[in-house]
file run04.tsv (TSV, C-alpha atoms)
chain	number	residue	atom	x	y	z
A	1	MET	CA	33.93	2.48	25.58
A	2	ASN	CA	30.65	4.36	25.34
A	3	THR	CA	27.60	2.05	25.04
A	4	GLN	CA	23.83	2.27	25.05
A	5	GLU	CA	21.21	-0.47	24.81
A	6	ILE	CA	17.49	-0.19	24.19
A	7	LYS	CA	14.63	-2.67	23.82
A	8	LEU	CA	11.74	-1.75	21.59
A	9	PRO	CA	8.36	-3.33	20.85
A	10	SER	CA	7.72	-4.86	17.43
A	11	ARG	CA	5.81	-1.99	15.90
A	12	ILE	CA	6.51	0.59	13.22
A	13	GLU	CA	6.79	3.43	15.75
A	14	SER	CA	9.94	1.73	17.06
A	15	VAL	CA	11.71	2.69	13.83
A	16	ASP	CA	11.47	6.40	14.71
A	17	ALA	CA	12.40	5.70	18.34
A	18	ALA	CA	15.53	3.76	17.34
A	19	ALA	CA	16.53	6.42	14.79
A	20	GLU	CA	16.18	9.18	17.40
A	21	ALA	CA	18.36	7.19	19.80
A	22	ALA	CA	20.93	6.67	17.02
A	23	ASP	CA	20.98	10.39	16.22
A	24	GLU	CA	21.54	11.31	19.87
A	25	PHE	CA	24.25	8.69	20.30
A	26	ALA	CA	26.02	9.71	17.09
A	27	LYS	CA	26.00	13.40	17.99
A	28	LYS	CA	27.30	12.60	21.47
A	29	CYS	CA	30.18	10.73	19.82
A	30	GLY	CA	31.04	13.74	17.67
A	31	CYS	CA	29.67	12.42	14.37
A	32	GLY	CA	29.36	14.96	11.58
A	33	GLU	CA	26.13	15.54	9.65
A	34	GLU	CA	26.83	12.90	6.99
A	35	CYS	CA	27.76	10.30	9.58
A	36	VAL	CA	24.62	11.02	11.62
A	37	TYR	CA	22.52	10.64	8.46
A	38	ALA	CA	24.20	7.34	7.57
A	39	LEU	CA	23.67	5.88	11.05
A	40	ASP	CA	20.08	7.13	11.19
A	41	LEU	CA	19.24	5.53	7.83
A	42	ALA	CA	20.99	2.24	8.62
A	43	VAL	CA	19.22	2.00	11.98
A	44	ARG	CA	15.84	2.79	10.41
A	45	GLU	CA	16.29	0.12	7.76
A	46	SER	CA	17.57	-2.55	10.13
A	47	VAL	CA	14.88	-1.94	12.76
A	48	ALA	CA	12.17	-1.85	10.08
A	49	ASN	CA	13.44	-5.23	8.83
A	50	ALA	CA	13.48	-6.61	12.38
A	51	VAL	CA	9.89	-5.46	13.04
A	52	LYS	CA	8.44	-6.55	9.69
A	53	HIS	CA	10.45	-9.57	8.54
A	54	GLY	CA	12.05	-10.72	11.80
A	55	ASN	CA	9.46	-10.47	14.56
A	56	LYS	CA	6.64	-10.08	12.02
A	57	PHE	CA	4.91	-7.44	14.18
A	58	ASP	CA	4.63	-9.93	17.08
A	59	GLU	CA	4.49	-7.58	20.06
A	60	SER	CA	5.43	-10.37	22.46
A	61	LYS	CA	8.91	-10.14	20.91
A	62	ASN	CA	11.21	-7.17	21.39
A	63	ILE	CA	13.81	-5.64	19.12
A	64	GLU	CA	17.16	-5.14	20.83
A	65	VAL	CA	19.32	-2.27	19.67
A	66	SER	CA	22.74	-1.39	20.99
A	67	PHE	CA	25.17	1.38	20.14
A	68	SER	CA	28.80	1.40	21.10
A	69	ALA	CA	31.69	3.70	20.31
A	70	SER	CA	35.31	2.75	20.57
A	71	GLY	CA	38.05	4.97	19.22
A	72	ASP	CA	36.75	6.39	15.97
A	73	VAL	CA	34.33	3.54	15.22
A	74	ILE	CA	30.64	3.32	16.06
A	75	GLU	CA	29.08	-0.14	16.12
A	76	ILE	CA	25.35	-0.74	16.02
A	77	MET	CA	23.69	-4.06	16.70
A	78	VAL	CA	20.03	-4.78	15.92
A	79	ARG	CA	18.53	-8.10	16.91
A	80	ASP	CA	15.12	-9.64	16.41
A	81	PHE	CA	13.70	-12.90	17.74
A	82	GLY	CA	12.03	-14.21	14.61
A	83	THR	CA	12.77	-17.31	12.58
A	84	GLY	CA	15.63	-15.67	10.72
A	85	PHE	CA	16.23	-15.50	7.01
A	86	SER	CA	19.10	-15.80	4.61
A	87	VAL	CA	20.28	-12.38	3.52
A	88	ALA	CA	21.88	-14.03	0.48
A	89	ASP	CA	18.39	-14.97	-0.71
A	90	VAL	CA	17.21	-11.36	-0.84
A	91	PRO	CA	16.93	-10.40	-4.54
A	92	ASP	CA	19.20	-7.64	-5.83
A	93	PRO	CA	16.91	-4.58	-6.01
A	94	THR	CA	19.09	-3.01	-8.71
A	95	ASP	CA	18.57	-5.95	-11.05
A	96	PRO	CA	16.43	-4.61	-13.95
A	97	GLU	CA	13.72	-7.19	-13.24
A	98	ASN	CA	13.42	-5.93	-9.63
A	99	LEU	CA	13.59	-2.18	-10.23
A	100	LEU	CA	9.82	-1.67	-10.04
A	101	LYS	CA	9.33	-3.73	-6.89
A	102	SER	CA	8.04	-1.66	-4.00
A	103	ASN	CA	10.35	-3.17	-1.37
A	104	GLY	CA	13.68	-4.89	-0.86
A	105	ARG	CA	16.01	-1.87	-0.79
A	106	GLY	CA	16.71	-1.63	2.96
A	107	ILE	CA	19.72	-3.96	2.99
A	108	LEU	CA	21.18	-2.14	-0.02
A	109	PHE	CA	21.01	1.14	1.94
A	110	MET	CA	22.59	-0.45	5.02
A	111	ASN	CA	25.45	-1.79	2.91
A	112	SER	CA	25.83	1.52	1.07
A	113	PHE	CA	25.98	3.80	4.10
A	114	MET	CA	27.87	1.67	6.62
A	115	ASP	CA	31.50	0.55	6.36
A	116	GLU	CA	30.77	-3.00	7.50
A	117	VAL	CA	27.53	-4.99	7.81
A	118	LYS	CA	27.57	-8.49	9.27
A	119	TRP	CA	24.61	-10.82	9.76
A	120	GLU	CA	24.58	-13.50	12.43
A	121	ASN	CA	22.20	-16.11	13.81
A	122	PRO	CA	22.82	-15.73	17.56
A	123	PRO	CA	22.20	-18.48	20.12
A	124	GLY	CA	18.58	-18.25	21.27
A	125	GLY	CA	17.28	-17.62	17.77
A	126	GLY	CA	16.46	-14.63	15.67
A	127	LEU	CA	18.71	-12.59	13.46
A	128	GLN	CA	21.30	-10.06	14.45
A	129	VAL	CA	22.96	-7.46	12.29
A	130	LYS	CA	26.15	-5.71	13.36
A	131	MET	CA	27.07	-2.55	11.51
A	132	ARG	CA	30.21	-0.47	11.86
A	133	LYS	CA	30.91	3.06	10.75
A	134	LYS	CA	34.10	5.02	11.04
A	135	LEU	CA	33.60	8.58	12.27
B	1	MET	CA	1.54	16.32	14.16
B	2	SER	CA	2.03	14.56	10.83
B	3	ASP	CA	5.55	14.04	9.49
B	4	ILE	CA	4.45	15.18	6.06
B	5	THR	CA	2.20	17.73	4.41
B	6	ILE	CA	1.02	17.18	0.84
B	7	THR	CA	-0.50	20.15	-0.98
B	8	GLU	CA	-2.22	19.83	-4.34
B	9	ARG	CA	-2.02	22.39	-7.13
B	10	GLN	CA	-3.26	22.27	-10.69
B	11	ALA	CA	-1.28	23.55	-13.70
B	12	GLY	CA	-3.43	22.91	-16.77
B	13	ASP	CA	-4.08	19.18	-16.79
B	14	VAL	CA	-1.03	18.41	-14.64
B	15	THR	CA	-1.60	17.87	-10.93
B	16	ILE	CA	1.32	19.01	-8.83
B	17	LEU	CA	1.73	17.51	-5.38
B	18	ASP	CA	4.07	19.54	-3.17
B	19	LEU	CA	5.50	17.31	-0.45
B	20	ASP	CA	6.92	18.83	2.69
B	21	GLY	CA	8.39	16.68	5.45
B	22	LYS	CA	9.55	13.09	5.73
B	23	VAL	CA	8.56	10.17	3.51
B	24	THR	CA	9.41	7.27	5.78
B	25	ILE	CA	7.91	3.98	6.87
B	26	GLY	CA	4.45	4.43	8.39
B	27	GLU	CA	2.74	7.78	8.22
B	28	GLY	CA	4.79	9.45	5.48
B	29	SER	CA	4.56	6.57	3.02
B	30	VAL	CA	0.86	6.07	3.74
B	31	ALA	CA	0.15	9.78	3.19
B	32	LEU	CA	1.82	9.66	-0.24
B	33	ARG	CA	-0.09	6.50	-1.21
B	34	THR	CA	-3.38	8.04	-0.10
B	35	ALA	CA	-2.73	11.26	-2.03
B	36	ILE	CA	-1.85	9.39	-5.24
B	37	ARG	CA	-4.95	7.17	-4.97
B	38	ARG	CA	-7.17	10.19	-4.35
B	39	VAL	CA	-5.80	12.09	-7.35
B	40	LEU	CA	-6.09	9.03	-9.60
B	41	GLY	CA	-9.62	8.47	-8.28
B	42	GLU	CA	-10.51	11.96	-9.49
B	43	GLY	CA	-9.42	10.95	-12.98
B	44	LYS	CA	-6.21	13.00	-12.89
B	45	ASN	CA	-3.33	10.92	-14.18
B	46	ARG	CA	-0.68	13.48	-15.12
B	47	ILE	CA	1.09	13.94	-11.83
B	48	LEU	CA	4.21	15.89	-10.88
B	49	LEU	CA	5.65	15.14	-7.44
B	50	ASN	CA	7.55	18.12	-6.07
B	51	LEU	CA	10.02	16.64	-3.59
B	52	GLY	CA	11.86	19.89	-2.86
B	53	GLY	CA	10.52	19.96	0.69
B	54	VAL	CA	11.35	16.35	1.48
B	55	GLY	CA	14.31	16.42	3.81
B	56	TYR	CA	14.34	12.70	4.50
B	57	ILE	CA	13.25	9.52	2.78
B	58	ASP	CA	13.93	5.86	3.58
B	59	SER	CA	13.59	2.63	1.58
B	60	SER	CA	9.88	2.53	2.37
B	61	GLY	CA	9.47	6.05	0.95
B	62	ILE	CA	11.51	5.12	-2.14
B	63	GLY	CA	9.29	2.03	-2.49
B	64	GLU	CA	6.23	4.26	-2.30
B	65	LEU	CA	7.60	6.45	-5.12
B	66	VAL	CA	7.97	3.29	-7.21
B	67	SER	CA	4.45	2.12	-6.30
B	68	SER	CA	3.08	5.55	-7.21
B	69	PHE	CA	4.91	5.42	-10.54
B	70	THR	CA	3.47	2.00	-11.43
B	71	ALA	CA	-0.04	2.90	-10.18
B	72	VAL	CA	-0.11	6.02	-12.37
B	73	ASN	CA	1.28	4.10	-15.37
B	74	LYS	CA	-1.42	1.49	-14.90
B	75	GLU	CA	-4.03	4.23	-15.24
B	76	GLY	CA	-2.44	5.31	-18.51
B	77	GLY	CA	-0.88	8.38	-16.92
B	78	THR	CA	2.56	9.77	-16.21
B	79	LEU	CA	4.27	10.52	-12.92
B	80	LYS	CA	7.38	12.69	-12.92
B	81	LEU	CA	9.60	14.02	-10.15
B	82	LEU	CA	10.61	17.61	-9.48
B	83	ASN	CA	13.26	19.22	-7.25
B	84	LEU	CA	15.09	16.21	-5.83
B	85	THR	CA	17.22	17.01	-2.82
B	86	GLN	CA	20.78	15.72	-2.94
B	87	LYS	CA	19.91	12.94	-0.48
B	88	ILE	CA	16.99	11.68	-2.56
B	89	GLN	CA	19.07	11.92	-5.72
B	90	ASP	CA	21.81	9.83	-4.07
B	91	LEU	CA	19.31	7.16	-2.97
B	92	LEU	CA	17.73	7.02	-6.44
B	93	ALA	CA	21.22	6.64	-7.91
B	94	ILE	CA	22.14	3.81	-5.51
B	95	THR	CA	18.90	2.00	-6.35
B	96	LYS	CA	19.33	2.72	-10.10
B	97	LEU	CA	15.90	4.33	-10.08
B	98	LEU	CA	17.21	7.47	-11.79
B	99	THR	CA	16.94	5.33	-14.92
B	100	VAL	CA	13.22	4.81	-14.23
B	101	PHE	CA	11.97	8.25	-13.19
B	102	ASP	CA	11.73	11.34	-15.34
B	103	VAL	CA	13.35	13.98	-13.12
B	104	TYR	CA	13.29	17.79	-13.44
B	105	GLU	CA	14.90	20.67	-11.57
B	106	ASP	CA	12.67	23.32	-13.07
B	107	GLU	CA	8.88	23.33	-12.73
B	108	ALA	CA	8.22	25.07	-16.06
B	109	ALA	CA	10.39	22.52	-17.88
B	110	ALA	CA	8.66	19.68	-16.07
B	111	LEU	CA	5.21	20.99	-17.04
B	112	ALA	CA	6.27	21.55	-20.66
B	113	SER	CA	7.45	17.93	-20.84
B	114	TYR	CA	3.86	16.69	-20.49
B	115	ASN	CA	2.93	18.28	-23.84

call {"tool": "encode", "arguments": {"input": "run04.tsv", "output": "structure tokens"}}
result
Amino acid sequence: MNTQEIKLPSRIESVDAAAEAADEFAKKCGCGEECVYALDLAVRESVANAVKHGNKFDESKNIEVSFSASGDVIEIMVRDFGTGFSVADVPDPTDPENLLKSNGRGILFMNSFMDEVKWENPPGGGLQVKMRKKL
Amino acid sequence: MSDITITERQAGDVTILDLDGKVTIGEGSVALRTAIRRVLGEGKNRILLNLGGVGYIDSSGIGELVSSFTAVNKEGGTLKLLNLTQKIQDLLAITKLLTVFDVYEDEAAALASYN
């Protein structure tokens, strides 16, 4: 199994850093253009959520990102160390009453571009999202 | 170097903003917000966003398009979109925002629609 782990500070610049790492990892695993795009977008959205809503820009807390490839599946894990939140409580951005809201579409993109998205509250606190994509 | 370049052109009373680069969280989204505020501040409220040069956009960028749309509407104006790339079109479809924005593939047709 091919794996890579990175720790990033809780700032917006980490979104680009994580996406670049995802691109490199995906290309190394033989992902095609569409797959690279999907992983890039899902990583951007999940890391942005971790920085903003998870760690709330608290630079004393890191974001942990890991990539692993096994067979024809790539798994990405993004973890923050915030107080956590219930994904079920996030309003549906495609509901007509939410269409003109300026945020709340990141999870929709993660669900749309990845084959599997699973949220967990790991021991030690925070929120962890595991996403899988078939090559 | 900035991730995005925004160039302003005028076609009659329509202000065209040509975007080139990435509209993503941070710099790209802020640049779009700043450009829209500046144009509105100059009293120009008929705005056409040319997204033909935007190779990448994330949920923050999509959110900024929505914010721009509502800010222009609030000023009694109209914001329309021109030259969506396939990726942007897909994201607007997923978010059901294609039902919100007036979208054009041809600049002349977009400009004519303001009359």

call {"tool": "interface_residues", "arguments": {"input": "run04.tsv", "of": "chain A", "to": "chain B", "cutoff": "8 Å", "atoms": "all atoms listed in the file", "output": "list of chain:residue names"}}
result
A:Ile12, A:Glu13, A:Leu41, A:Arg44, A:Glu45, A:Ala48, A:Pro93, A:Thr94, A:Leu99, A:Leu100, A:Lys101, A:Ser102, A:Asn103, A:Gly104, A:Arg105, A:Gly106, A:Leu108, A:Phe109, A:Ser112

call {"tool": "closest_residue", "arguments": {"input": "run04.tsv", "among": "B:Glu75, B:Ala11, B:Asp3, B:Val23", "to": "Ala108 in chain B", "atoms": "all atoms listed in the file"}}
result
B:Ala11

call {"tool": "closest_residue", "arguments": {"input": "run04.tsv", "among": "A:Asn111, A:Ser10, A:Ser46, A:Ser86", "to": "Lys61 in chain A", "atoms": "all atoms listed in the file"}}
result
A:Ser10

call {"tool": "atom_distance", "arguments": {"input": "run04.tsv", "atom1": "CA of Lys52 in chain A", "atom2": "CA of Asn73 in chain B"}}
result
28.2 Å

call {"tool": "residues_around", "arguments": {"input": "run04.tsv", "residues": "Leu135 in chain A", "least_positions_apart": "6", "cutoff": "6 Å", "atoms": "only C-alpha atoms", "output": "list in words"}}
result
Cys31, Asp72 and Val73 of chain A

call {"tool": "closest_residue", "arguments": {"input": "run04.tsv", "among": "A:Val117, A:Ile76, A:Ala42, A:Ala69", "to": "Thr3 in chain A", "atoms": "all atoms listed in the file"}}
result
A:Ala69

call {"tool": "atom_distance", "arguments": {"input": "run04.tsv", "atom1": "CA of Glu33 in chain A", "atom2": "CA of Asp20 in chain B"}}
result
20.7 Å

call {"tool": "residues_around", "arguments": {"input": "run04.tsv", "residues": "range 131-134 of chain A", "least_positions_apart": "6", "cutoff": "12 Å", "atoms": "all atoms listed in the file", "output": "PyMOL selection string"}}
result
chain A and resi 26+29-32+34-43+45-46+65-79+107+109-120

call {"tool": "closest_residue", "arguments": {"input": "run04.tsv", "among": "B:Asn50, B:Ser113, B:Gln86, B:Thr15", "to": "Arg38 in chain B", "atoms": "only C-alpha atoms"}}
result
B:Thr15

call {"tool": "atom_distance", "arguments": {"input": "run04.tsv", "atom1": "CA of Ile16 in chain B", "atom2": "CA of Leu81 in chain B"}}
result
9.8 Å

call {"tool": "axis_aligned_box", "arguments": {"input": "run04.tsv", "around": "range 81-87 of chain B", "padding_each_side": "3 Å", "output": "AutoDock Vina command-line options"}}
result
--center_x 15.2 --center_y 16.1 --center_z -5.3 --size_x 17.2 --size_y 12.3 --size_z 15.7

call {"tool": "residues_around", "arguments": {"input": "run04.tsv", "residues": "Glu64 in chain A", "least_positions_apart": "3", "cutoff": "12 Å", "atoms": "all atoms listed in the file", "output": "number ranges by chain"}}
result
A: 4-10, 14-15, 18, 43, 46-47, 50-51, 54-55, 61, 67, 76-81, 126-130

call {"tool": "write_last_selection", "arguments": {"input": "run04.tsv", "atoms": "C-alpha atoms", "output": "compact mmCIF listing (two decimals), in the frame of the given file"}}
result
# COMPACT_ATOMS: atom_id res chain seq x y z
CA GLN A 4 23.83 2.27 25.05
CA GLU A 5 21.21 -0.47 24.81
CA ILE A 6 17.49 -0.19 24.19
CA LYS A 7 14.63 -2.67 23.82
CA LEU A 8 11.74 -1.75 21.59
CA PRO A 9 8.36 -3.33 20.85
CA SER A 10 7.72 -4.86 17.43
CA SER A 14 9.94 1.73 17.06
CA VAL A 15 11.71 2.69 13.83
CA ALA A 18 15.53 3.76 17.34
CA VAL A 43 19.22 2.00 11.98
CA SER A 46 17.57 -2.55 10.13
CA VAL A 47 14.88 -1.94 12.76
CA ALA A 50 13.48 -6.61 12.38
CA VAL A 51 9.89 -5.46 13.04
CA GLY A 54 12.05 -10.72 11.80
CA ASN A 55 9.46 -10.47 14.56
CA LYS A 61 8.91 -10.14 20.91
CA PHE A 67 25.17 1.38 20.14
CA ILE A 76 25.35 -0.74 16.02
CA MET A 77 23.69 -4.06 16.70
CA VAL A 78 20.03 -4.78 15.92
CA ARG A 79 18.53 -8.10 16.91
CA ASP A 80 15.12 -9.64 16.41
CA PHE A 81 13.70 -12.90 17.74
CA GLY A 126 16.46 -14.63 15.67
CA LEU A 127 18.71 -12.59 13.46
CA GLN A 128 21.30 -10.06 14.45
CA VAL A 129 22.96 -7.46 12.29
CA LYS A 130 26.15 -5.71 13.36
